[in-house]
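Below is coords-v4.csv, holding CSV, C-alpha atoms.
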```
chain,number,residue,atom,x,y,z
G,1429,MET,CA,48.6,38.2,-22.1
G,1430,SER,CA,45.0,38.7,-23.3
G,1431,SER,CA,43.5,38.2,-26.7
G,1432,SER,CA,40.8,40.6,-27.9
G,1433,THR,CA,37.4,40.4,-29.5
G,1434,GLN,CA,36.1,43.4,-31.5
G,1435,GLY,CA,38.6,45.6,-29.6
G,1436,HIS,CA,37.7,44.3,-26.2
G,1437,PRO,CA,40.3,42.3,-24.2
G,1438,VAL,CA,39.5,38.7,-23.4
G,1439,TRP,CA,41.3,37.7,-20.2
G,1440,PRO,CA,42.8,34.3,-19.9
G,1441,ARG,CA,40.8,31.8,-17.9
G,1442,ARG,CA,42.1,29.4,-15.3
G,1443,PRO,CA,40.4,26.9,-12.9
G,1444,ILE,CA,39.4,28.4,-9.6
G,1445,ALA,CA,41.5,25.8,-7.8
G,1446,GLU,CA,44.6,26.9,-9.6
G,1447,VAL,CA,44.4,30.6,-8.6
G,1448,THR,CA,43.2,30.2,-5.0
G,1449,GLU,CA,44.9,29.2,-1.8
G,1450,ARG,CA,42.3,26.8,-0.5
G,1451,ILE,CA,38.8,25.4,-1.2
G,1452,PHE,CA,37.2,23.5,1.7
G,1453,LEU,CA,33.9,22.1,2.8
G,1454,GLY,CA,32.4,23.0,6.2
G,1455,VAL,CA,32.2,20.7,9.2
G,1456,PRO,CA,29.2,18.3,9.6
G,1457,THR,CA,26.9,19.5,12.4
G,1458,ARG,CA,27.4,16.1,14.1
G,1459,ASP,CA,30.5,14.0,14.2
G,1460,ARG,CA,30.7,10.3,13.6
G,1461,ALA,CA,29.7,9.6,17.2
G,1462,GLY,CA,26.6,11.7,16.8
G,1463,THR,CA,28.0,14.5,19.0
G,1464,VAL,CA,26.8,18.0,18.1
G,1465,GLN,CA,29.7,20.2,17.0
G,1466,PRO,CA,30.5,23.3,19.0
G,1467,GLY,CA,28.5,26.3,17.7
G,1468,PRO,CA,26.5,28.0,16.7
G,1469,LEU,CA,27.9,27.5,13.2
G,1470,ILE,CA,27.5,29.6,10.0
G,1471,GLY,CA,25.0,27.9,7.8
G,1472,VAL,CA,23.0,28.7,4.6
G,1473,GLY,CA,20.4,30.6,6.6
G,1474,ASP,CA,23.1,33.0,7.8
G,1475,ILE,CA,23.8,34.2,4.2
G,1476,ARG,CA,21.6,37.0,3.1
G,1477,ASP,CA,22.1,39.7,0.5
G,1478,ARG,CA,25.7,38.4,-0.2
G,1479,ARG,CA,26.6,39.0,3.4
G,1480,VAL,CA,27.3,36.6,6.3
G,1481,HIS,CA,25.1,37.4,9.3
G,1482,ALA,CA,27.2,35.4,11.7
G,1483,PRO,CA,25.6,34.2,14.9
G,1484,PRO,CA,27.4,35.0,18.2
G,1485,SER,CA,29.9,32.3,19.2
G,1486,ASP,CA,33.0,31.7,21.2
G,1487,LYS,CA,35.6,31.7,18.4
G,1488,HIS,CA,38.4,31.2,20.9
G,1489,SER,CA,37.1,28.1,22.6
G,1490,ALA,CA,39.3,24.9,22.6
G,1491,GLU,CA,36.6,23.1,20.7
G,1492,VAL,CA,36.6,25.6,17.9
G,1493,HIS,CA,40.4,25.7,17.7
G,1494,ALA,CA,40.4,21.9,17.4
G,1495,LEU,CA,38.3,22.3,14.2
G,1496,GLY,CA,40.5,25.1,12.9
G,1497,ARG,CA,40.5,23.7,9.3
G,1498,TYR,CA,36.8,24.7,9.1
G,1499,GLN,CA,37.3,28.2,10.3
G,1500,VAL,CA,36.8,31.1,7.8
G,1501,GLN,CA,38.9,34.2,7.4
G,1502,VAL,CA,38.1,37.7,6.3
G,1503,ASP,CA,37.5,37.8,2.5
G,1504,ASP,CA,36.8,34.0,2.2
G,1505,VAL,CA,34.1,33.6,-0.3
G,1506,LEU,CA,31.3,31.2,0.7
G,1507,VAL,CA,29.1,29.2,-1.7
G,1508,THR,CA,26.2,27.0,-0.8
G,1509,CYS,CA,26.7,23.4,-1.9
G,1510,ARG,CA,23.6,21.6,-0.7
G,1511,GLY,CA,20.0,22.5,-0.5
G,1512,SER,CA,17.7,24.4,-2.9
G,1513,GLN,CA,19.2,27.9,-2.7
G,1514,LEU,CA,22.4,29.0,-4.4
G,1515,LYS,CA,24.0,31.8,-2.3
G,1516,VAL,CA,27.4,33.4,-2.5
G,1517,ALA,CA,28.9,35.8,0.1
G,1518,MET,CA,32.2,37.2,1.3
G,1519,VAL,CA,33.2,36.9,5.0
G,1520,ASP,CA,33.8,40.2,6.9
G,1521,GLY,CA,35.4,40.8,10.2
G,1522,ASP,CA,32.4,39.9,12.3
G,1523,ALA,CA,32.3,36.4,10.9
G,1524,ALA,CA,36.0,35.7,10.7
G,1525,GLY,CA,37.1,32.8,12.9
G,1526,ALA,CA,33.7,31.1,12.9
G,1527,LEU,CA,33.0,27.6,11.7
G,1528,ILE,CA,30.9,26.9,8.6
G,1529,THR,CA,28.6,23.9,8.2
G,1530,ALA,CA,28.9,21.2,5.6
G,1531,ASN,CA,26.3,22.9,3.5
G,1532,LEU,CA,28.9,25.5,2.6
G,1533,ILE,CA,32.1,25.6,0.7
G,1534,ALA,CA,34.7,28.3,1.4
G,1535,ILE,CA,37.2,29.6,-1.2
G,1536,ARG,CA,40.3,31.4,0.1
G,1537,ALA,CA,41.8,33.7,-2.4
G,1538,ALA,CA,45.5,34.0,-3.3
G,1539,LYS,CA,47.7,36.6,-4.9
G,1540,ALA,CA,46.6,35.5,-8.4
G,1541,ILE,CA,42.9,36.4,-7.8
G,1542,LEU,CA,41.4,38.9,-5.4
G,1543,ALA,CA,38.4,37.9,-3.3
G,1544,PRO,CA,36.0,40.6,-4.6
G,1545,VAL,CA,36.8,39.5,-8.1
G,1546,LEU,CA,35.7,36.0,-7.2
G,1547,LEU,CA,32.6,37.4,-5.6
G,1548,ALA,CA,31.8,39.5,-8.6
G,1549,TYR,CA,32.2,36.5,-11.0
G,1550,LEU,CA,30.3,33.9,-8.9
G,1551,THR,CA,27.3,36.3,-8.3
G,1552,GLY,CA,27.2,37.3,-12.0
G,1553,SER,CA,25.0,35.5,-14.5
G,1554,GLU,CA,27.9,33.5,-16.0
G,1555,GLY,CA,29.2,32.4,-12.6
G,1556,GLN,CA,25.8,31.5,-11.4
G,1557,ALA,CA,25.2,29.4,-14.5
G,1558,ALA,CA,28.6,27.7,-14.0
G,1559,LEU,CA,27.8,26.9,-10.4
G,1560,LEU,CA,24.3,25.5,-11.2
G,1561,GLY,CA,25.7,23.6,-14.2
G,1562,ARG,CA,28.2,21.8,-11.9
G,1563,GLY,CA,26.0,21.6,-8.9
G,1564,ARG,CA,22.7,20.2,-10.0
G,1565,SER,CA,21.9,16.7,-8.8
G,1566,SER,CA,19.3,14.3,-10.2
G,1567,THR,CA,16.8,15.6,-7.6
G,1568,LEU,CA,17.4,19.2,-8.9
G,1569,GLY,CA,18.9,20.2,-5.5
G,1570,LEU,CA,22.4,21.6,-5.2
G,1571,SER,CA,25.2,19.1,-4.9
G,1572,LEU,CA,28.5,21.0,-5.3
G,1573,THR,CA,31.9,19.7,-4.1
G,1574,PRO,CA,35.2,21.5,-3.6
G,1575,SER,CA,36.5,19.6,-6.6
G,1576,SER,CA,33.7,20.6,-9.0
G,1577,LEU,CA,33.7,24.2,-7.8
G,1578,GLY,CA,37.5,24.3,-8.2
G,1579,GLY,CA,37.2,23.2,-11.8
G,1580,ILE,CA,35.2,26.2,-12.9
G,1581,GLN,CA,37.2,28.4,-15.3
G,1582,ILE,CA,37.3,32.0,-14.2
G,1583,PRO,CA,38.7,35.0,-16.1
G,1584,VAL,CA,41.9,36.3,-14.5
G,1585,PRO,CA,42.5,39.9,-15.5
G,1586,PRO,CA,45.8,41.7,-14.7
G,1587,ILE,CA,46.1,42.7,-11.0
G,1588,ALA,CA,45.6,46.4,-11.8
G,1589,VAL,CA,42.2,45.6,-13.4
G,1590,GLN,CA,41.4,43.3,-10.5
G,1591,GLN,CA,42.1,46.1,-8.0
G,1592,GLN,CA,39.6,48.3,-10.0
G,1593,ILE,CA,37.0,45.6,-9.8
G,1594,ALA,CA,37.7,45.1,-6.1
G,1595,GLU,CA,37.2,48.8,-5.3
G,1596,LEU,CA,33.9,48.8,-7.2
G,1597,VAL,CA,32.6,45.7,-5.4
G,1598,ARG,CA,33.6,46.8,-2.0
G,1599,ALA,CA,32.1,50.3,-2.5
G,1600,ALA,CA,28.9,48.7,-3.8
G,1601,GLU,CA,28.6,46.4,-0.8
G,1602,GLN,CA,29.3,49.2,1.7
G,1603,ASN,CA,26.7,51.4,0.0
G,1604,PHE,CA,24.2,48.5,0.1
G,1605,VAL,CA,24.7,47.9,3.8
G,1606,ALA,CA,24.4,51.6,4.6
G,1607,ALA,CA,21.3,52.0,2.5
G,1608,THR,CA,19.7,48.9,4.1
G,1609,ARG,CA,20.5,50.1,7.6
G,1610,ALA,CA,19.0,53.5,6.8
G,1611,ALA,CA,15.9,52.0,5.4
G,1612,GLU,CA,15.5,49.7,8.5
G,1613,GLN,CA,15.8,52.8,10.7
G,1614,ARG,CA,13.2,54.7,8.8
G,1615,ARG,CA,10.8,51.7,8.9
G,1616,ALA,CA,11.3,51.5,12.7
G,1617,VAL,CA,10.5,55.2,13.1
G,1618,ALA,CA,7.4,54.9,10.9
G,1619,HIS,CA,6.1,51.9,12.9
G,1620,ALA,CA,6.8,53.7,16.2
G,1621,VAL,CA,4.8,56.7,15.1
G,1622,ALA,CA,2.0,54.4,13.9
G,1623,THR,CA,1.9,52.7,17.3
G,1624,ASP,CA,1.7,56.1,19.0
G,1625,LEU,CA,-1.2,57.1,16.8
G,1626,LEU,CA,-3.0,53.8,17.4
G,1627,GLY,CA,-2.7,54.3,21.1
G,1628,GLY,CA,-4.1,57.8,21.0
G,1629,ARG,CA,-0.8,59.4,21.8
G,1630,VAL,CA,0.8,62.4,20.2
G,1631,PRO,CA,3.8,61.0,18.3
G,1632,ARG,CA,7.1,62.1,19.7
G,1633,ARG,CA,9.6,63.5,17.3
G,1634,ARG,CA,11.6,60.6,16.0
G,1635,GLU,CA,14.4,60.8,13.5
G,1636,ALA,CA,16.3,58.0,11.8
G,1637,SER,CA,20.0,58.3,12.6
G,1638,THR,CA,22.3,58.5,9.6
G,1639,PRO,CA,24.5,55.4,9.0
```

Any chance you could give the structure as structure tokens?
Amino acid sequence: MSSSTQGHPVWPRRPIAEVTERIFLGVPTRDRAGTVQPGPLIGVGDIRDRRVHAPPSDKHSAEVHALGRYQVQVDDVLVTCRGSQLKVAMVDGDAAGALITANLIAIRAAKAILAPVLLAYLTGSEGQAALLGRGRSSTLGLSLTPSSLGGIQIPVPPIAVQQQIAELVRAAEQNFVAATRAAEQRRAVAHAVATDLLGGRVPRRREASTP
């Protein structure tokens, strides 16, 4: 049931920990003996534009399987928990099965809440304020824990509304990726033509392929 304010529904709020399957911190880059963990790992630097740019790795190695509790799945939502930059992203198929570092927290959605809804909330102004409010340390750096993140109250609309939100979010992310790829291709063509002209060569006809 939802209440309403000035004719608009107000969805009930529940802590993230209550509506998700799992919230977990990534693996330290070194174990207690000082041994470097198998990698490469997904770290804060691999999150750009709400996407996970996963480095190549052997996701099927025995070492990685031994650390299975730190592996991410498709649609896990990642949040930075240490450092100076607050980033949020959703895992796609390319990054699934990889390990995340201890500078990241993963949230695994459940039936009560869809992953794109989590992404939409945590990247919105209210969600960002909630993350910063719980994650600011005395040194003004991020210091989030799975427990503090799990305590954030999130609106939980009916599943039909969530599905609408999810479709919007997925379409927006796909369009962003396509537009970014097309822009990168156009830039590459422009630089190639400029290089030809600088070398005194007649530019060859170059076309950016459509994504």

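The closest residue to Ala1538 of chain G, picked from G:Asp1477, G:Glu1449, G:Glu1554, G:Asp1522 and counting all atoms listed in the file, is G:Glu1449.
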
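Excluding segment 1501-1505 of chain G and any residue on its chain fewer than 5 positions from it, the residues at most 8 Å away by only C-alpha atoms are G:Val1516, G:Ala1517, G:Met1518, G:Val1519, G:Asp1520, G:Gly1521, G:Ala1523, G:Ala1524, G:Gly1525, G:Ala1534, G:Ile1535, G:Arg1536, G:Ala1537, G:Ala1543, G:Pro1544, G:Leu1546, G:Leu1547.
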
Next item on the list: Counting only C-alpha atoms, select every polymer residue within 12 Å of (44.3, 38.6, -7.7) as defined in the file's coordinates, and provide the selection as a count of residues only.
Entry: 30

Next item on the list: Could you check how far atom CA of Ala1622 of chain G sits from atom CA of Arg1609 of chain G, in Å to one decimal?
Entry: 20.0 Å

Check: Counting only C-alpha atoms, what is within 8 Å of Gly1511 of chain G, bar same-chain residues fewer than 2 positions away, as a PyMOL selection string?
Finding: chain G and resi 1508-1509+1513-1514+1531+1569-1571

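For the atom pair formed by atom CA of Gly1555 of chain G and atom CA of Gly1579 of chain G, the distance is 12.2 Å, given to one decimal.
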
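Minimum atom-to-atom distance to Val1480 of chain G, evaluated using all atoms listed in the file, belongs to G:Val1500 out of G:Ala1610, G:Leu1559, G:Val1500, G:Val1621.
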
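Nearest to Gln1581 of chain G of all the residues G:Leu1469, G:Ala1620, G:Leu1550, G:Ala1599 is G:Leu1550, based on all atoms listed in the file.
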
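Atom pair atom CA of Ala1616 of chain G / atom CA of Gly1628 of chain G has a distance of 18.6 Å (rounded to one decimal).
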